[in-house]
Amino acid sequence: MKTFFGNGSGSNFGKIVGMDRFDSGRSLSPLRQAEAYWTALLTGDGVPMRSQIDPRGLENILEYTFILERIAPGLARFRLAGSHLNKLAGMEVRGMPLTAFFEPDARTEFTDVLEQVFTGPSIAELGLISPGKLGRARMQARMILLPLKSDLGDVSRVLGVMVSDGAVGTPPRRFTISDHQMRAASDVQAPQPKAPETVDGFAEDQADFKRPGSHLRLVVSRDD
């Protein structure tokens with residue numbers, strides 16, 4: 001699946017840039033896998049429940065995956081986080097606010113994006129840059145935020161994935177936002193059940209059993 005992102009959100013994009021891969025060529029497939037998994041859980045009742053998330057369904061991308069809990073408008077903390085996020089932070093991030101991954105001057109923009117994820121509810125995807133400093137090379141990253149309902153039915157949880165490209169260097173790594181895209185969760189269509197396939201060679205032509213005048217004859221053989 002090829003997705004394009006530009007500067008800003010909605011349909012008013014600036015320069016359109018293909019972002020399926022980082023500059024180094026590393027694939028962004030963990031984001032696409034998480035989105036496909038979330039989409040597969042959709043029903044007519046709206047966004048999936050947090051209780052529907054099964055780690056086995058995300059087994060090969062767990063190191064990049066996290067679960068957030070909304071604790072205030074525009075603010076959410078990690079409930080669970082994979083090892084990749086711990087490496088970027090240089091510590092266990094569980095219980096920390098997600099804003100800890102952002103530079104101070106990027107936090108207002110990010111909290112606005114995060115609040116739209118909860119209140120839309122919306123899907124957000126962000127391009128991130130960690131500038132190079134002493135002991136740290138410049139790093140690219142991308143993040144996707146997928147809304148979830150809590151057991152109470154309110155949209156106060158998020159399934160997220162964050163993938164970075166480049167050596168972590170000296171943590172913690174903090175990021176600015178290079179681009180982002182918002183998409184209403186209601187615009188995503190729940191998967192339709194597939195009709196059972198007909199296998200050639202096993203389908204019977206019912207006309208053969210309904211010819212006028214046709215009948216079965218039972219022949220009894222009697223020995224004299």
# chains A, B, ... in the order shown; residues from 1 in each chain; ligands from 1
>>> residues_around(residues="A:Glu125", least_positions_apart="2", cutoff="9 Å", atoms="only C-alpha atoms", output="list in words")
Phe5, Leu31, Ile123, Gly127, Arg142, Met143, Ile144, Leu145, Leu146, Asp179, His180, Gln181, Met182 and Arg183 of chain A
>>> write_last_selection(atoms="all heavy atoms", output="tab-separated table (two decimals), in the first residue's frame")
chain	number	residue	atom	x	y	z
A	5	PHE	N	2.24	11.66	2.09
A	5	PHE	CA	2.09	12.64	3.15
A	5	PHE	C	2.68	13.96	2.68
A	5	PHE	O	3.63	14.00	1.91
A	5	PHE	CB	2.83	12.20	4.43
A	5	PHE	CG	2.32	10.89	4.92
A	5	PHE	CD1	2.94	9.71	4.56
A	5	PHE	CD2	1.20	10.82	5.71
A	5	PHE	CE1	2.47	8.50	4.99
A	5	PHE	CE2	0.72	9.60	6.14
A	5	PHE	CZ	1.35	8.44	5.78
A	31	LEU	N	4.28	0.26	10.40
A	31	LEU	CA	3.14	1.16	10.47
A	31	LEU	C	1.97	0.61	9.67
A	31	LEU	O	0.82	0.64	10.12
A	31	LEU	CB	3.51	2.56	9.97
A	31	LEU	CG	4.21	3.49	10.96
A	31	LEU	CD1	5.63	3.05	11.24
A	31	LEU	CD2	4.19	4.92	10.46
A	123	ILE	N	-7.22	9.01	12.81
A	123	ILE	CA	-5.92	8.38	12.67
A	123	ILE	C	-4.91	9.46	12.34
A	123	ILE	O	-5.16	10.31	11.48
A	123	ILE	CB	-5.94	7.32	11.55
A	123	ILE	CG1	-6.95	6.22	11.87
A	123	ILE	CG2	-4.56	6.72	11.33
A	123	ILE	CD1	-7.21	5.28	10.70
A	127	GLY	N	5.60	12.51	10.52
A	127	GLY	CA	7.01	12.42	10.20
A	127	GLY	C	7.79	13.20	11.25
A	127	GLY	O	7.43	14.32	11.60
A	142	ARG	N	8.99	7.82	12.04
A	142	ARG	CA	7.57	8.01	11.72
A	142	ARG	C	6.75	7.31	12.77
A	142	ARG	O	7.16	6.30	13.36
A	142	ARG	CB	7.22	7.50	10.31
A	142	ARG	CG	7.81	8.39	9.22
A	142	ARG	CD	7.09	8.27	7.90
A	142	ARG	NE	5.78	8.90	7.87
A	142	ARG	CZ	5.58	10.19	7.62
A	142	ARG	NH1	6.60	11.01	7.42
A	142	ARG	NH2	4.35	10.67	7.57
A	143	MET	N	5.56	7.87	13.00
A	143	MET	CA	4.68	7.38	14.06
A	143	MET	C	3.24	7.35	13.52
A	143	MET	O	2.83	8.25	12.78
A	143	MET	CB	4.76	8.32	15.27
A	143	MET	CG	3.83	7.97	16.42
A	143	MET	SD	3.90	9.24	17.75
A	143	MET	CE	5.55	8.99	18.37
A	144	ILE	N	2.52	6.31	13.89
A	144	ILE	CA	1.09	6.25	13.59
A	144	ILE	C	0.34	6.08	14.90
A	144	ILE	O	0.79	5.38	15.81
A	144	ILE	CB	0.76	5.11	12.60
A	144	ILE	CG1	-0.69	5.24	12.10
A	144	ILE	CG2	1.00	3.73	13.21
A	144	ILE	CD1	-1.01	4.35	10.92
A	145	LEU	N	-0.80	6.77	15.02
A	145	LEU	CA	-1.65	6.74	16.21
A	145	LEU	C	-3.05	6.32	15.78
A	145	LEU	O	-3.69	6.99	14.96
A	145	LEU	CB	-1.69	8.12	16.87
A	145	LEU	CG	-0.34	8.71	17.29
A	145	LEU	CD1	-0.51	10.16	17.73
A	145	LEU	CD2	0.29	7.89	18.40
A	146	LEU	N	-3.53	5.21	16.34
A	146	LEU	CA	-4.82	4.61	15.96
A	146	LEU	C	-5.73	4.58	17.19
A	146	LEU	O	-5.39	3.96	18.20
A	146	LEU	CB	-4.59	3.19	15.44
A	146	LEU	CG	-3.66	3.09	14.22
A	146	LEU	CD1	-3.00	1.72	14.15
A	146	LEU	CD2	-4.43	3.38	12.95
A	179	ASP	N	6.09	16.64	9.26
A	179	ASP	CA	4.82	16.61	8.53
A	179	ASP	C	3.85	15.74	9.30
A	179	ASP	O	4.25	14.93	10.14
A	179	ASP	CB	5.00	16.08	7.10
A	179	ASP	CG	5.52	14.65	7.08
A	179	ASP	OD1	4.68	13.73	7.15
A	179	ASP	OD2	6.74	14.45	7.02
A	180	HIS	N	2.57	15.93	9.04
A	180	HIS	CA	1.58	15.03	9.63
A	180	HIS	C	0.33	14.99	8.77
A	180	HIS	O	0.08	15.89	7.97
A	180	HIS	CB	1.23	15.43	11.07
A	180	HIS	CG	0.38	16.65	11.20
A	180	HIS	ND1	0.89	17.92	11.34
A	180	HIS	CD2	-0.97	16.79	11.22
A	180	HIS	CE1	-0.08	18.80	11.45
A	180	HIS	NE2	-1.23	18.14	11.36
A	181	GLN	N	-0.41	13.93	8.93
A	181	GLN	CA	-1.67	13.73	8.21
A	181	GLN	C	-2.71	13.22	9.17
A	181	GLN	O	-2.43	12.34	9.99
A	181	GLN	CB	-1.49	12.72	7.06
A	181	GLN	CG	-2.77	12.53	6.23
A	181	GLN	CD	-2.67	11.36	5.29
A	181	GLN	OE1	-2.29	10.27	5.71
A	181	GLN	NE2	-3.01	11.56	4.03
A	182	MET	N	-3.92	13.77	9.08
A	182	MET	CA	-5.06	13.32	9.88
A	182	MET	C	-6.11	12.70	8.96
A	182	MET	O	-6.34	13.21	7.85
A	182	MET	CB	-5.68	14.48	10.65
A	182	MET	CG	-4.74	15.27	11.53
A	182	MET	SD	-4.01	14.33	12.89
A	182	MET	CE	-5.48	13.80	13.77
A	183	ARG	N	-6.74	11.65	9.43
A	183	ARG	CA	-7.80	11.00	8.67
A	183	ARG	C	-8.88	10.53	9.63
A	183	ARG	O	-8.57	9.89	10.64
A	183	ARG	CB	-7.21	9.81	7.90
A	183	ARG	CG	-8.17	9.07	6.98
A	183	ARG	CD	-7.38	8.35	5.89
A	183	ARG	NE	-6.27	7.60	6.43
A	183	ARG	CZ	-6.30	6.26	6.59
A	183	ARG	NH1	-7.37	5.58	6.28
A	183	ARG	NH2	-5.24	5.64	7.07
>>> atom_distance(atom1="atom CA of A:Leu114", atom2="atom CA of A:Leu75")
7.4 Å
>>> closest_residue(among="A:Val93, A:Leu80, A:Val188, A:Ile61", to="A:Pro121", atoms="only C-alpha atoms")
A:Val188
>>> closest_residue(among="A:Phe78, A:Phe102, A:Tyr64, A:Phe118", to="A:Ser164", atoms="only C-alpha atoms")
A:Tyr64
>>> atom_distance(atom1="atom CA of A:Phe110", atom2="atom CA of A:Lys133")
22.2 Å
>>> residues_around(residues="stretch 38-52 of chain A", least_positions_apart="5", cutoff="9 Å", atoms="only C-alpha atoms", output="list in words")
Gln33, Ile67, Pro121, Leu146, Pro147, Leu148, Lys149, Ser150, Asp151, Gly153, Val155, Arg157, Val158, Leu159, Ala185, Ser186, Val188, Gln189, Ala190 and Pro191 of chain A
>>> residues_around(residues="A:Ala34", least_positions_apart="2", cutoff="8 Å", atoms="only C-alpha atoms", output="number ranges by chain")
A: 30-32, 36-38, 58, 160-161
>>> write_last_selection(atoms="N, CA, C and O atoms", output="PDB file, in the first residue's frame")
ATOM      1  N   PRO A  30       6.114  -1.741   9.497  1.00  0.00           N
ATOM      2  CA  PRO A  30       5.450  -1.868  10.808  1.00  0.00           C
ATOM      3  C   PRO A  30       4.240  -0.947  10.969  1.00  0.00           C
ATOM      4  O   PRO A  30       3.238  -1.336  11.579  1.00  0.00           O
ATOM      5  N   LEU A  31       4.281   0.262  10.403  1.00  0.00           N
ATOM      6  CA  LEU A  31       3.138   1.160  10.474  1.00  0.00           C
ATOM      7  C   LEU A  31       1.970   0.610   9.674  1.00  0.00           C
ATOM      8  O   LEU A  31       0.823   0.644  10.116  1.00  0.00           O
ATOM      9  N   ARG A  32       2.275   0.092   8.490  1.00  0.00           N
ATOM     10  CA  ARG A  32       1.221  -0.454   7.639  1.00  0.00           C
ATOM     11  C   ARG A  32       0.620  -1.723   8.258  1.00  0.00           C
ATOM     12  O   ARG A  32      -0.581  -1.964   8.156  1.00  0.00           O
ATOM     13  N   ALA A  36      -3.275  -2.152   9.274  1.00  0.00           N
ATOM     14  CA  ALA A  36      -4.068  -3.259   8.739  1.00  0.00           C
ATOM     15  C   ALA A  36      -4.699  -4.070   9.865  1.00  0.00           C
ATOM     16  O   ALA A  36      -5.856  -4.510   9.761  1.00  0.00           O
ATOM     17  N   TYR A  37      -3.952  -4.285  10.944  1.00  0.00           N
ATOM     18  CA  TYR A  37      -4.479  -5.031  12.094  1.00  0.00           C
ATOM     19  C   TYR A  37      -5.649  -4.274  12.719  1.00  0.00           C
ATOM     20  O   TYR A  37      -6.702  -4.856  13.019  1.00  0.00           O
ATOM     21  N   TRP A  38      -5.486  -2.967  12.922  1.00  0.00           N
ATOM     22  CA  TRP A  38      -6.545  -2.128  13.490  1.00  0.00           C
ATOM     23  C   TRP A  38      -7.784  -2.150  12.593  1.00  0.00           C
ATOM     24  O   TRP A  38      -8.913  -2.286  13.080  1.00  0.00           O
ATOM     25  N   LEU A  58       0.301  -8.833  16.657  1.00  0.00           N
ATOM     26  CA  LEU A  58       1.324  -7.831  16.348  1.00  0.00           C
ATOM     27  C   LEU A  58       2.716  -8.361  16.677  1.00  0.00           C
ATOM     28  O   LEU A  58       3.652  -7.585  16.888  1.00  0.00           O
ATOM     29  N   GLY A 160      -0.318   2.550  18.950  1.00  0.00           N
ATOM     30  CA  GLY A 160       0.649   3.314  18.180  1.00  0.00           C
ATOM     31  C   GLY A 160       1.859   2.497  17.789  1.00  0.00           C
ATOM     32  O   GLY A 160       2.159   1.463  18.400  1.00  0.00           O
ATOM     33  N   VAL A 161       2.539   2.964  16.768  1.00  0.00           N
ATOM     34  CA  VAL A 161       3.807   2.388  16.330  1.00  0.00           C
ATOM     35  C   VAL A 161       4.749   3.540  16.014  1.00  0.00           C
ATOM     36  O   VAL A 161       4.356   4.531  15.397  1.00  0.00           O
TER      37      VAL A 161
END
>>> closest_residue(among="A:Ala184, A:Leu28, A:Ile53, A:Ala106", to="A:Ala141", atoms="only C-alpha atoms")
A:Leu28
>>> atom_distance(atom1="atom CA of A:Leu134", atom2="atom CA of A:His84")
21.4 Å
>>> closest_residue(among="A:Ala100, A:Leu152, A:Leu62, A:Leu88", to="A:Ala167", atoms="only C-alpha atoms")
A:Leu88
>>> select_by_dssp(residues="stretch 15-127 of chain A", states="strand (DSSP E or B)", output="MDAnalysis selection string")
chainID A and resid 17:18 21 27 43 46 49 65:72 75:81 97 102 122:127
>>> select_by_dssp(residues="stretch 18-220 of chain A", states="helix (DSSP H, G or I)", output="VMD selection string")
chain A and resid 29 to 40 50 to 52 55 to 64 83 to 89 98 to 101 104 to 119 185 to 187 206 to 209
>>> residues_around(residues="A:Arg77", least_positions_apart="6", cutoff="9 Å", atoms="only C-alpha atoms", output="list in words")
Ile67, Leu68, Glu69, Arg70, Ile71, Val93, Arg94, Gly95, Met96, Pro97, Leu98 and Thr99 of chain A
